[in-house]
file query.txt (compact mmCIF, C-alpha atoms and all ligand atoms)
# COMPACT_ATOMS: atom_id res chain seq x y z
CA MET A 1 -22.42 88.19 107.44
CA ASP A 2 -24.79 89.45 110.16
CA ASN A 3 -26.99 91.18 107.59
CA ILE A 4 -27.14 88.12 105.38
CA LEU A 5 -28.21 85.93 108.32
CA ASN A 6 -30.85 88.45 109.44
CA GLU A 7 -32.24 88.74 105.93
CA ALA A 8 -32.30 84.95 105.45
CA LEU A 9 -34.56 84.65 108.50
CA VAL A 10 -36.84 87.44 107.28
CA GLU A 11 -37.12 85.71 103.90
CA GLY A 12 -38.04 82.42 105.57
CA ILE A 13 -40.68 84.00 107.81
CA LYS A 14 -42.23 85.75 104.78
CA VAL A 15 -43.09 82.45 103.10
CA SER A 16 -43.84 80.40 106.18
CA ASN A 17 -47.56 81.01 105.81
CA GLY A 18 -47.42 80.00 102.16
CA GLY A 19 -47.72 76.26 102.75
CA SER A 20 -49.53 73.97 105.13
CA VAL A 21 -48.31 71.74 107.95
CA ALA A 22 -48.40 67.99 107.37
CA THR A 23 -51.72 66.56 108.53
CA TYR A 24 -51.51 62.97 107.34
CA ILE A 25 -49.57 62.25 110.53
CA PRO A 26 -52.09 63.89 112.91
CA GLU A 27 -49.52 64.91 115.55
CA LEU A 28 -47.61 66.99 112.97
CA ALA A 29 -50.68 69.17 112.38
CA LYS A 30 -49.80 70.94 115.64
CA GLY A 31 -46.76 72.71 114.10
CA ASP A 32 -46.76 76.50 114.40
CA PRO A 33 -45.91 78.37 111.14
CA LYS A 34 -44.27 81.15 113.18
CA ASP A 35 -41.50 78.81 114.33
CA VAL A 36 -38.79 79.50 111.78
CA GLY A 37 -35.05 79.28 112.32
CA PHE A 38 -31.75 78.00 111.07
CA ALA A 39 -28.20 77.09 112.10
CA MET A 40 -25.06 76.97 110.03
CA MET A 41 -21.85 75.33 111.25
CA ASP A 42 -18.46 75.57 109.59
CA LEU A 43 -15.89 72.78 109.66
CA GLU A 44 -14.21 74.16 112.80
CA GLY A 45 -17.51 74.02 114.68
CA ASN A 46 -18.20 77.80 114.52
CA LEU A 47 -21.90 78.44 114.63
CA PHE A 48 -24.16 81.01 112.93
CA THR A 49 -27.80 80.94 114.01
CA ARG A 50 -31.03 82.86 113.75
CA GLY A 51 -34.62 82.45 114.94
CA GLU A 52 -36.01 79.28 116.51
CA TYR A 53 -32.92 77.20 115.89
CA LEU A 54 -33.25 75.33 119.19
CA LYS A 55 -36.90 74.40 118.72
CA ARG A 56 -37.18 70.62 118.52
CA PHE A 57 -39.14 68.83 115.81
CA THR A 58 -39.30 65.28 114.52
CA LEU A 59 -36.64 64.70 111.91
CA GLN A 60 -38.89 62.45 109.76
CA SER A 61 -37.27 61.80 106.39
CA ILE A 62 -34.05 63.52 107.42
CA THR A 63 -33.43 60.29 109.34
CA LYS A 64 -33.14 58.56 105.96
CA VAL A 65 -29.67 60.12 105.78
CA ILE A 66 -28.84 58.70 109.21
CA SER A 67 -30.13 55.19 108.50
CA LEU A 68 -28.39 55.08 105.12
CA LEU A 69 -25.11 56.11 106.72
CA LEU A 70 -25.47 53.48 109.44
CA ALA A 71 -26.45 50.75 106.97
CA LEU A 72 -23.43 51.65 104.83
CA GLU A 73 -21.09 51.62 107.84
CA ASP A 74 -22.59 48.24 108.87
CA ASN A 75 -22.72 46.48 105.51
CA GLY A 76 -20.67 48.37 102.92
CA MET A 77 -21.86 49.89 99.67
CA GLU A 78 -22.15 46.74 97.59
CA GLU A 79 -24.45 44.97 100.02
CA VAL A 80 -26.73 47.99 100.62
CA PHE A 81 -27.23 48.67 96.93
CA ARG A 82 -28.21 45.06 96.29
CA TYR A 83 -31.51 46.06 97.90
CA VAL A 84 -32.06 49.60 96.63
CA HIS A 85 -31.20 51.57 93.48
CA MET A 86 -29.60 55.02 93.48
CA GLU A 87 -31.84 56.65 90.89
CA PRO A 88 -34.04 59.72 91.34
CA THR A 89 -37.78 59.36 90.83
CA GLY A 90 -40.08 62.01 89.43
CA ASP A 91 -42.68 60.81 91.92
CA PRO A 92 -43.82 61.64 95.45
CA PHE A 93 -41.90 60.08 98.37
CA ASN A 94 -44.65 57.60 99.19
CA SER A 95 -45.73 56.68 95.68
CA ILE A 96 -46.97 53.12 95.28
CA MET A 97 -47.89 53.13 91.64
CA SER A 98 -44.55 54.10 90.14
CA PHE A 99 -42.76 51.49 92.25
CA GLU A 100 -44.92 48.61 91.09
CA VAL A 101 -45.25 49.68 87.48
CA LYS A 102 -41.79 51.00 86.67
CA ASN A 103 -39.32 49.15 88.83
CA PRO A 104 -40.76 46.51 91.13
CA GLU A 105 -37.59 44.53 91.83
CA LYS A 106 -36.14 47.12 94.20
CA PRO A 107 -36.97 50.67 95.33
CA PHE A 108 -35.58 53.56 93.30
CA ASN A 109 -33.46 55.15 96.02
CA PRO A 110 -32.91 55.30 99.80
CA MET A 111 -34.53 58.75 100.18
CA ILE A 112 -38.09 57.65 99.34
CA ASN A 113 -40.10 55.70 101.90
CA ALA A 114 -39.84 52.25 100.27
CA GLY A 115 -36.07 52.56 99.87
CA ALA A 116 -35.63 53.89 103.39
CA MET A 117 -37.57 51.00 104.90
CA VAL A 118 -35.40 48.45 103.11
CA VAL A 119 -32.28 50.31 104.24
CA THR A 120 -33.54 50.35 107.84
CA SER A 121 -34.11 46.59 107.67
CA LEU A 122 -30.39 46.18 106.87
CA ILE A 123 -29.18 47.86 110.07
CA LYS A 124 -27.44 45.33 112.30
CA GLY A 125 -28.82 44.33 115.70
CA GLU A 126 -30.82 41.64 117.47
CA GLY A 127 -34.44 42.69 117.11
CA LYS A 128 -36.16 46.06 117.19
CA LYS A 129 -34.85 47.13 120.57
CA GLU A 130 -31.18 46.81 119.76
CA LYS A 131 -31.66 48.31 116.31
CA ILE A 132 -33.43 51.44 117.53
CA SER A 133 -30.79 51.86 120.26
CA ARG A 134 -28.09 51.69 117.62
CA ILE A 135 -29.90 54.29 115.45
CA LEU A 136 -30.30 56.63 118.44
CA GLU A 137 -26.66 56.19 119.50
CA PHE A 138 -25.44 56.76 115.97
CA THR A 139 -27.56 59.94 115.76
CA SER A 140 -25.94 61.12 118.99
CA LEU A 141 -22.50 60.39 117.58
CA LEU A 142 -23.26 62.56 114.55
CA THR A 143 -25.01 65.42 116.35
CA GLY A 144 -22.80 65.39 119.45
CA ASN A 145 -26.02 65.61 121.42
CA GLU A 146 -25.90 62.73 123.89
CA LYS A 147 -29.60 62.45 124.57
CA THR A 148 -31.21 61.49 121.30
CA VAL A 149 -34.78 60.30 121.81
CA TYR A 150 -37.83 59.78 119.66
CA ASP A 151 -41.21 61.42 120.25
CA GLU A 152 -43.56 58.73 121.51
CA LYS A 153 -46.72 60.61 120.46
CA VAL A 154 -45.58 61.19 116.90
CA TYR A 155 -44.39 57.59 116.66
CA LEU A 156 -47.77 56.26 117.80
CA SER A 157 -49.60 58.74 115.58
CA GLU A 158 -47.76 57.50 112.51
CA LYS A 159 -48.00 53.86 113.55
CA GLU A 160 -51.74 54.25 113.74
CA THR A 161 -52.17 56.04 110.42
CA GLY A 162 -49.22 54.74 108.38
CA ASP A 163 -51.20 52.52 106.04
CA ARG A 164 -49.44 53.72 102.94
CA ASN A 165 -46.06 52.75 104.35
CA ARG A 166 -47.59 49.47 105.50
CA SER A 167 -48.72 48.82 101.92
CA LEU A 168 -45.25 49.55 100.58
CA ALA A 169 -43.63 47.24 103.15
CA TYR A 170 -45.97 44.35 102.41
CA PHE A 171 -45.56 44.85 98.68
CA MET A 172 -41.80 44.55 99.17
CA LYS A 173 -42.29 41.44 101.25
CA SER A 174 -44.31 39.94 98.41
CA THR A 175 -41.51 40.60 95.90
CA GLY A 176 -38.91 39.23 98.31
CA ILE A 177 -36.80 42.41 98.56
CA MET A 178 -37.78 43.04 102.17
CA LYS A 179 -36.44 40.34 104.44
CA GLY A 180 -37.77 39.57 107.91
CA ASN A 181 -41.00 40.67 109.50
CA PRO A 182 -42.44 43.81 107.80
CA GLU A 183 -44.22 44.87 111.01
CA GLU A 184 -40.90 44.98 112.84
CA THR A 185 -39.29 47.07 110.10
CA LEU A 186 -42.31 49.39 109.92
CA ASP A 187 -42.22 49.91 113.65
CA LEU A 188 -38.53 50.67 113.56
CA TYR A 189 -39.05 53.05 110.63
CA PHE A 190 -41.83 54.91 112.49
CA MET A 191 -39.62 55.24 115.59
CA GLN A 192 -36.73 56.43 113.46
CA CYS A 193 -38.91 59.07 111.73
CA SER A 194 -39.99 60.38 115.14
CA ILE A 195 -36.45 61.12 116.35
CA LEU A 196 -36.35 64.62 117.82
CA GLY A 197 -33.74 67.18 116.89
CA ASN A 198 -33.25 70.88 116.23
CA CYS A 199 -31.51 72.98 113.59
CA LEU A 200 -28.26 72.79 115.52
CA ASP A 201 -28.35 68.98 115.48
CA ILE A 202 -28.98 68.71 111.77
CA ALA A 203 -26.48 71.47 110.94
CA THR A 204 -23.89 69.41 112.83
CA ILE A 205 -24.74 66.28 110.82
CA GLY A 206 -24.47 68.43 107.69
CA ALA A 207 -21.04 69.64 108.81
CA VAL A 208 -19.88 66.03 109.37
CA LEU A 209 -20.91 65.26 105.78
CA ALA A 210 -19.41 68.53 104.49
CA GLY A 211 -16.13 67.57 106.20
CA ASN A 212 -16.04 64.08 104.64
CA GLY A 213 -16.81 62.29 107.90
CA ILE A 214 -14.77 64.35 110.39
CA HIS A 215 -16.80 65.72 113.28
CA PRO A 216 -16.52 69.54 113.30
CA VAL A 217 -16.55 69.83 117.09
CA THR A 218 -14.41 66.88 118.23
CA GLY A 219 -12.20 66.59 115.15
CA GLU A 220 -12.75 62.81 115.21
CA ARG A 221 -13.56 60.68 112.22
CA VAL A 222 -17.10 59.35 112.70
CA LEU A 223 -17.85 58.16 109.14
CA LYS A 224 -15.87 56.61 106.34
CA LYS A 225 -15.03 59.29 103.79
CA GLU A 226 -16.50 57.10 101.05
CA ASN A 227 -19.86 56.82 102.86
CA ALA A 228 -20.06 60.60 103.35
CA ARG A 229 -19.44 61.00 99.62
CA ILE A 230 -22.12 58.45 98.62
CA VAL A 231 -24.76 60.00 100.87
CA LYS A 232 -24.05 63.60 99.75
CA THR A 233 -24.41 62.47 96.16
CA ILE A 234 -27.74 60.77 96.80
CA MET A 235 -28.95 63.82 98.74
CA THR A 236 -28.17 65.95 95.68
CA THR A 237 -30.06 63.76 93.24
CA CYS A 238 -32.90 62.49 95.48
CA GLY A 239 -32.99 64.38 98.81
CA MET A 240 -35.81 66.78 97.95
CA TYR A 241 -37.89 64.04 96.27
CA ASP A 242 -39.53 65.14 93.04
CA ALA A 243 -38.28 68.69 93.62
CA SER A 244 -34.61 67.63 93.65
CA GLY A 245 -33.92 68.91 90.13
CA GLU A 246 -35.40 72.35 90.77
CA PHE A 247 -33.64 72.60 94.14
CA ALA A 248 -30.30 71.69 92.51
CA VAL A 249 -30.75 74.60 90.11
CA SER A 250 -32.10 77.16 92.61
CA CYS A 251 -29.83 76.23 95.51
CA GLY A 252 -27.22 73.63 94.55
CA ILE A 253 -26.70 72.26 98.06
CA PRO A 254 -26.85 68.50 98.83
CA ALA A 255 -29.88 68.41 101.13
CA LYS A 256 -32.53 66.25 102.72
CA SER A 257 -35.96 67.39 103.86
CA GLY A 258 -38.50 65.92 106.27
CA VAL A 259 -42.24 66.47 106.70
CA GLY A 260 -41.56 67.61 110.28
CA GLY A 261 -40.35 70.86 108.64
CA GLY A 262 -36.58 70.42 108.78
CA ILE A 263 -34.01 70.50 105.99
CA LEU A 264 -30.42 69.30 106.43
CA GLY A 265 -27.85 70.74 104.02
CA ALA A 266 -24.17 69.87 103.52
CA VAL A 267 -22.00 72.31 101.58
CA PRO A 268 -18.85 70.28 100.80
CA GLY A 269 -15.74 71.71 102.46
CA ARG A 270 -17.65 74.64 103.97
CA TYR A 271 -20.81 74.34 106.06
CA GLY A 272 -23.52 72.16 107.50
CA ILE A 273 -26.92 73.89 107.48
CA GLY A 274 -30.09 73.03 109.38
CA THR A 275 -33.32 74.90 108.73
CA PHE A 276 -36.76 74.67 110.28
CA GLY A 277 -40.21 75.89 109.32
CA PRO A 278 -43.18 73.52 109.70
CA THR A 279 -45.28 74.52 106.71
CA LEU A 280 -44.68 72.44 103.60
CA ASP A 281 -45.14 72.90 99.89
CA ARG A 282 -47.04 70.42 97.74
CA LYS A 283 -44.03 68.13 97.47
CA GLY A 284 -43.56 67.92 101.23
CA ASN A 285 -40.59 70.31 101.59
CA SER A 286 -40.49 73.18 104.12
CA THR A 287 -41.40 76.47 102.42
CA ALA A 288 -39.34 78.57 104.84
CA GLY A 289 -36.43 76.13 104.73
CA ILE A 290 -36.21 76.18 100.96
CA ARG A 291 -36.30 79.98 100.90
CA ILE A 292 -33.60 80.26 103.59
CA MET A 293 -31.34 77.75 101.82
CA GLU A 294 -31.79 79.53 98.50
CA TYR A 295 -31.06 82.91 100.06
CA LEU A 296 -27.92 81.69 101.86
CA SER A 297 -26.75 79.88 98.75
CA LYS A 298 -27.06 82.98 96.61
CA LYS A 299 -25.51 85.41 99.10
CA LEU A 300 -22.67 83.14 100.24
CA ASP A 301 -22.08 81.46 96.89
CA LEU A 302 -22.74 77.96 98.23
CA SER A 303 -23.94 76.13 95.13
CA ILE A 304 -21.70 73.19 94.28
CA PHE A 305 -22.35 73.66 90.58
N1 LIG B 401 -42.61 59.48 108.38
C1 LIG B 401 -42.91 60.09 107.12
C2 LIG B 401 -43.55 59.07 106.20
O1 LIG B 401 -43.10 57.96 106.16
C3 LIG B 401 -41.66 60.60 106.51
C4 LIG B 401 -41.91 61.26 105.18
C5 LIG B 401 -41.13 62.52 104.97
O2 LIG B 401 -40.59 63.13 105.88
N2 LIG B 401 -41.13 62.98 103.74
O3 LIG B 401 -44.50 59.35 105.51
call {"tool": "encode", "arguments": {"input": "query.txt", "output": "structure tokens"}}
result
Amino acid sequence: MDNILNEALVEGIKVSNGGSVATYIPELAKGDPKDVGFAMMDLEGNLFTRGEYLKRFTLQSITKVISLLLALEDNGMEEVFRYVHMEPTGDPFNSIMSFEVKNPEKPFNPMINAGAMVVTSLIKGEGKKEKISRILEFTSLLTGNEKTVYDEKVYLSEKETGDRNRSLAYFMKSTGIMKGNPEETLDLYFMQCSILGNCLDIATIGAVLAGNGIHPVTGERVLKKENARIVKTIMTTCGMYDASGEFAVSCGIPAKSGVGGGILGAVPGRYGIGTFGPTLDRKGNSTAGIRIMEYLSKKLDLSIF
């Protein structure tokens, strides 16, 4: 096992210069390609780590898993999927054109930006303040890390430059699928995307999903089994955006990436995996993270297929 973990890190470092850090959210451009690491947690809470696994980064789209889980726990499956489909897209995560042309009545799935914003608007709470507190508390429940916070600078950076997401939100207001004030939902979505975490945190969330909702460290049930199942399925089909098909073949692990450089993986019945490497490929997925996941999957026979 030790050799496999060492090699996985070497593989990740090798490709970490092969992409570029996200620059469309200016604060993310500060990521250092040398910061590569990962954590793997089994269902008893045993931990296997290498590299910069404690380095914190903003979870970005990985929080789409968290908000979907919370919206499902709050509202149930039927209600949530009245507002969003569960179909993969062959398009980038922030595509406007495909949404309007192909399927304007509701977003394709909860893992692309439009779908995630609608899902976030369904989270229960009086106003933005209570809703963000509930998202932070729920993240703490899943990670076991009591002090979940969001990065104010990254939040403000995205709020200032997030015109594409603003367009998507207002488009959805115009079609009637997004209820309430779009500015409030956008703000909440930007805060949510800026939540800070490390590989250990996301590996723990992965292990909760891998264990059908049982927390690997406390042994407590923190999610309905059904909701863990739904989210793992959607991660498999949509979690790596328009690279989900290729990732399913090369790796076969239900996973969700974020432009902050993290990837959360859940190997049913076995492990949660969290990887980090800030440089991204053209589709917005961490180059090092993909390589590490693929390596671990091959060596430890983790593909679900
Ligand atoms: N906050 C980012 C955005 O909305 C999240 C995208 C991502 O991580 N893929 O553009």
call {"tool": "residues_near_ligand", "arguments": {"input": "query.txt", "ligand": "ligand LIG 401 (chain B)", "cutoff": "7 Å", "atoms": "only C-alpha atoms and all ligand atoms", "output": "PyMOL selection string"}}
result
chain A and resi 60-62+93-94+113+158+165+190+193+257-260+284
call {"tool": "residues_around", "arguments": {"input": "query.txt", "residues": "Gly213 (chain A)", "least_positions_apart": "2", "cutoff": "6 Å", "atoms": "only C-alpha atoms", "output": "JSON, numbers by chain"}}
result
{"A": [208, 209, 211, 221, 222, 223, 224, 225, 228]}
call {"tool": "atom_distance", "arguments": {"input": "query.txt", "atom1": "CA of Pro26 (chain A)", "atom2": "CA of Thr204 (chain A)"}}
result
28.7 Å
call {"tool": "closest_residue", "arguments": {"input": "query.txt", "among": "A:Phe305, A:Phe81, A:Tyr150, A:Phe108", "to": "Thr236 (chain A)", "atoms": "only C-alpha atoms"}}
result
A:Phe305
call {"tool": "residues_near_point", "arguments": {"input": "query.txt", "point": "(-40.8, 72.5, 116.6)", "cutoff": "7 Å", "atoms": "all atoms listed in the file", "output": "compact mmCIF listing (two decimals) with C-alpha atoms, in the coordinates of the input"}}
result
# COMPACT_ATOMS: atom_id res chain seq x y z
CA GLY A 31 -46.76 72.71 114.10
CA ASP A 35 -41.50 78.81 114.33
CA LYS A 55 -36.90 74.40 118.72
CA ARG A 56 -37.18 70.62 118.52
CA PHE A 57 -39.14 68.83 115.81
call {"tool": "residues_around", "arguments": {"input": "query.txt", "residues": "Asn227 (chain A)", "least_positions_apart": "4", "cutoff": "8 Å", "atoms": "all atoms listed in the file", "output": "list in words"}}
result
Leu69, Leu72, Glu73, Met77, Leu223 and Val231 of chain A
call {"tool": "residues_around", "arguments": {"input": "query.txt", "residues": "Leu196 (chain A)", "least_positions_apart": "5", "cutoff": "12 Å", "atoms": "all atoms listed in the file", "output": "number ranges by chain"}}
result
A: 54-63, 136, 139-140, 143, 145, 147-155, 191, 201-202, 258, 260-262
call {"tool": "residues_near_point", "arguments": {"input": "query.txt", "point": "(-43.4, 62.0, 90.7)", "cutoff": "7 Å", "atoms": "all atoms listed in the file", "output": "mmCIF file with C-alpha atoms, keeping the file's coordinate frame"}}
result
data_model
loop_
_atom_site.group_PDB
_atom_site.id
_atom_site.type_symbol
_atom_site.label_atom_id
_atom_site.label_comp_id
_atom_site.auth_asym_id
_atom_site.auth_seq_id
_atom_site.Cartn_x
_atom_site.Cartn_y
_atom_site.Cartn_z
ATOM 1 C CA THR A 89 -37.780 59.360 90.830
ATOM 2 C CA GLY A 90 -40.080 62.010 89.430
ATOM 3 C CA ASP A 91 -42.680 60.810 91.920
ATOM 4 C CA PRO A 92 -43.820 61.640 95.450
ATOM 5 C CA ASP A 242 -39.530 65.140 93.040
#
call {"tool": "atom_distance", "arguments": {"input": "query.txt", "atom1": "CA of Lys34 (chain A)", "atom2": "CA of Ala255 (chain A)"}}
result
22.7 Å
call {"tool": "closest_residue", "arguments": {"input": "query.txt", "among": "A:Glu146, A:Glu79, A:Glu220, A:Glu137", "to": "Val118 (chain A)", "atoms": "only C-alpha atoms"}}
result
A:Glu79
call {"tool": "atom_distance", "arguments": {"input": "query.txt", "atom1": "CA of Arg50 (chain A)", "atom2": "CA of Glu7 (chain A)"}}
result
9.9 Å
call {"tool": "closest_residue", "arguments": {"input": "query.txt", "among": "A:Ser16, A:Leu188, A:Arg164, A:Met41", "to": "Glu130 (chain A)", "atoms": "only C-alpha atoms"}}
result
A:Leu188
call {"tool": "closest_residue", "arguments": {"input": "query.txt", "among": "A:Met235, A:Val217, A:Ile290, A:Met117", "to": "Pro278 (chain A)", "atoms": "only C-alpha atoms"}}
result
A:Ile290
call {"tool": "axis_aligned_box", "arguments": {"input": "query.txt", "around": "region 38-49 of chain A", "padding_each_side": "6 Å", "output": "lines of an AutoDock Vina configuration file"}}
result
center_x = -23.0
center_y = 76.9
center_z = 112.1
size_x = 29.5
size_y = 20.2
size_z = 17.1
call {"tool": "residues_around", "arguments": {"input": "query.txt", "residues": "Gly18 (chain A)", "least_positions_apart": "4", "cutoff": "12 Å", "atoms": "all atoms listed in the file", "output": "MDAnalysis selection string"}}
result
chainID A and resid 11:14 33:34 277:282 285:291
call {"tool": "residues_around", "arguments": {"input": "query.txt", "residues": "Ser303 (chain A)", "least_positions_apart": "3", "cutoff": "10 Å", "atoms": "all atoms listed in the file", "output": "list in words"}}
result
Ala248, Val249, Ser250, Cys251, Gly252, Ile253, Pro254, Val267, Pro268, Glu294, Leu296, Ser297, Lys298 and Leu300 of chain A
call {"tool": "closest_residue", "arguments": {"input": "query.txt", "among": "A:Leu68, A:Cys199, A:Gly180, A:Tyr241", "to": "Ser95 (chain A)", "atoms": "only C-alpha atoms"}}
result
A:Tyr241
call {"tool": "build_atoms", "arguments": {"input": "query.txt", "residues": "region 125-146 of chain A", "atoms": "N, CA, C and O atoms", "output": "PDB file, keeping the file's coordinate frame"}}
result
ATOM      1  N   GLY A 125     -28.322  44.321 114.318  1.00  0.00           N
ATOM      2  CA  GLY A 125     -28.820  44.330 115.700  1.00  0.00           C
ATOM      3  C   GLY A 125     -29.796  43.193 115.898  1.00  0.00           C
ATOM      4  O   GLY A 125     -30.455  42.770 114.945  1.00  0.00           O
ATOM      5  N   GLU A 126     -29.874  42.714 117.146  1.00  0.00           N
ATOM      6  CA  GLU A 126     -30.820  41.640 117.470  1.00  0.00           C
ATOM      7  C   GLU A 126     -32.178  42.275 117.766  1.00  0.00           C
ATOM      8  O   GLU A 126     -32.375  42.864 118.817  1.00  0.00           O
ATOM      9  N   GLY A 127     -33.089  42.199 116.844  1.00  0.00           N
ATOM     10  CA  GLY A 127     -34.440  42.690 117.110  1.00  0.00           C
ATOM     11  C   GLY A 127     -34.553  44.205 117.127  1.00  0.00           C
ATOM     12  O   GLY A 127     -33.567  44.947 117.041  1.00  0.00           O
ATOM     13  N   LYS A 128     -35.813  44.643 117.271  1.00  0.00           N
ATOM     14  CA  LYS A 128     -36.160  46.060 117.190  1.00  0.00           C
ATOM     15  C   LYS A 128     -35.449  46.900 118.246  1.00  0.00           C
ATOM     16  O   LYS A 128     -34.974  47.986 117.976  1.00  0.00           O
ATOM     17  N   LYS A 129     -35.378  46.359 119.453  1.00  0.00           N
ATOM     18  CA  LYS A 129     -34.850  47.130 120.570  1.00  0.00           C
ATOM     19  C   LYS A 129     -33.379  47.511 120.356  1.00  0.00           C
ATOM     20  O   LYS A 129     -32.989  48.672 120.519  1.00  0.00           O
ATOM     21  N   GLU A 130     -32.604  46.520 119.963  1.00  0.00           N
ATOM     22  CA  GLU A 130     -31.180  46.810 119.760  1.00  0.00           C
ATOM     23  C   GLU A 130     -30.995  47.722 118.546  1.00  0.00           C
ATOM     24  O   GLU A 130     -30.152  48.623 118.553  1.00  0.00           O
ATOM     25  N   LYS A 131     -31.818  47.483 117.517  1.00  0.00           N
ATOM     26  CA  LYS A 131     -31.660  48.310 116.310  1.00  0.00           C
ATOM     27  C   LYS A 131     -31.993  49.776 116.576  1.00  0.00           C
ATOM     28  O   LYS A 131     -31.261  50.669 116.167  1.00  0.00           O
ATOM     29  N   ILE A 132     -33.079  50.032 117.281  1.00  0.00           N
ATOM     30  CA  ILE A 132     -33.430  51.440 117.530  1.00  0.00           C
ATOM     31  C   ILE A 132     -32.381  52.080 118.453  1.00  0.00           C
ATOM     32  O   ILE A 132     -32.001  53.237 118.255  1.00  0.00           O
ATOM     33  N   SER A 133     -31.862  51.297 119.409  1.00  0.00           N
ATOM     34  CA  SER A 133     -30.790  51.860 120.260  1.00  0.00           C
ATOM     35  C   SER A 133     -29.584  52.235 119.424  1.00  0.00           C
ATOM     36  O   SER A 133     -28.965  53.281 119.635  1.00  0.00           O
ATOM     37  N   ARG A 134     -29.262  51.388 118.457  1.00  0.00           N
ATOM     38  CA  ARG A 134     -28.090  51.690 117.620  1.00  0.00           C
ATOM     39  C   ARG A 134     -28.353  52.943 116.767  1.00  0.00           C
ATOM     40  O   ARG A 134     -27.464  53.772 116.577  1.00  0.00           O
ATOM     41  N   ILE A 135     -29.588  53.091 116.264  1.00  0.00           N
ATOM     42  CA  ILE A 135     -29.900  54.290 115.450  1.00  0.00           C
ATOM     43  C   ILE A 135     -29.812  55.549 116.327  1.00  0.00           C
ATOM     44  O   ILE A 135     -29.247  56.565 115.916  1.00  0.00           O
ATOM     45  N   LEU A 136     -30.335  55.456 117.549  1.00  0.00           N
ATOM     46  CA  LEU A 136     -30.300  56.630 118.440  1.00  0.00           C
ATOM     47  C   LEU A 136     -28.859  56.974 118.825  1.00  0.00           C
ATOM     48  O   LEU A 136     -28.459  58.140 118.813  1.00  0.00           O
ATOM     49  N   GLU A 137     -28.067  55.936 119.126  1.00  0.00           N
ATOM     50  CA  GLU A 137     -26.660  56.190 119.500  1.00  0.00           C
ATOM     51  C   GLU A 137     -25.875  56.778 118.337  1.00  0.00           C
ATOM     52  O   GLU A 137     -25.046  57.668 118.512  1.00  0.00           O
ATOM     53  N   PHE A 138     -26.148  56.267 117.157  1.00  0.00           N
ATOM     54  CA  PHE A 138     -25.440  56.760 115.970  1.00  0.00           C
ATOM     55  C   PHE A 138     -25.829  58.225 115.707  1.00  0.00           C
ATOM     56  O   PHE A 138     -24.986  59.048 115.348  1.00  0.00           O
ATOM     57  N   THR A 139     -27.115  58.543 115.925  1.00  0.00           N
ATOM     58  CA  THR A 139     -27.560  59.940 115.760  1.00  0.00           C
ATOM     59  C   THR A 139     -26.818  60.828 116.752  1.00  0.00           C
ATOM     60  O   THR A 139     -26.346  61.921 116.396  1.00  0.00           O
ATOM     61  N   SER A 140     -26.672  60.346 117.980  1.00  0.00           N
ATOM     62  CA  SER A 140     -25.940  61.120 118.990  1.00  0.00           C
ATOM     63  C   SER A 140     -24.481  61.317 118.591  1.00  0.00           C
ATOM     64  O   SER A 140     -23.903  62.388 118.797  1.00  0.00           O
ATOM     65  N   LEU A 141     -23.894  60.273 118.028  1.00  0.00           N
ATOM     66  CA  LEU A 141     -22.500  60.390 117.580  1.00  0.00           C
ATOM     67  C   LEU A 141     -22.375  61.499 116.534  1.00  0.00           C
ATOM     68  O   LEU A 141     -21.443  62.307 116.579  1.00  0.00           O
ATOM     69  N   LEU A 142     -23.332  61.560 115.625  1.00  0.00           N
ATOM     70  CA  LEU A 142     -23.260  62.560 114.550  1.00  0.00           C
ATOM     71  C   LEU A 142     -23.579  63.963 115.046  1.00  0.00           C
ATOM     72  O   LEU A 142     -22.926  64.924 114.663  1.00  0.00           O
ATOM     73  N   THR A 143     -24.590  64.083 115.913  1.00  0.00           N
ATOM     74  CA  THR A 143     -25.010  65.420 116.350  1.00  0.00           C
ATOM     75  C   THR A 143     -24.137  65.925 117.508  1.00  0.00           C
ATOM     76  O   THR A 143     -24.044  67.128 117.740  1.00  0.00           O
ATOM     77  N   GLY A 144     -23.535  64.999 118.251  1.00  0.00           N
ATOM     78  CA  GLY A 144     -22.800  65.390 119.450  1.00  0.00           C
ATOM     79  C   GLY A 144     -23.743  65.653 120.614  1.00  0.00           C
ATOM     80  O   GLY A 144     -23.330  66.072 121.690  1.00  0.00           O
ATOM     81  N   ASN A 145     -25.013  65.400 120.389  1.00  0.00           N
ATOM     82  CA  ASN A 145     -26.020  65.610 121.420  1.00  0.00           C
ATOM     83  C   ASN A 145     -26.339  64.254 122.055  1.00  0.00           C
ATOM     84  O   ASN A 145     -26.955  63.400 121.427  1.00  0.00           O
ATOM     85  N   GLU A 146     -25.883  64.071 123.290  1.00  0.00           N
ATOM     86  CA  GLU A 146     -25.900  62.730 123.890  1.00  0.00           C
ATOM     87  C   GLU A 146     -27.285  62.119 124.062  1.00  0.00           C
ATOM     88  O   GLU A 146     -27.444  60.914 124.096  1.00  0.00           O
TER      89      GLU A 146
END
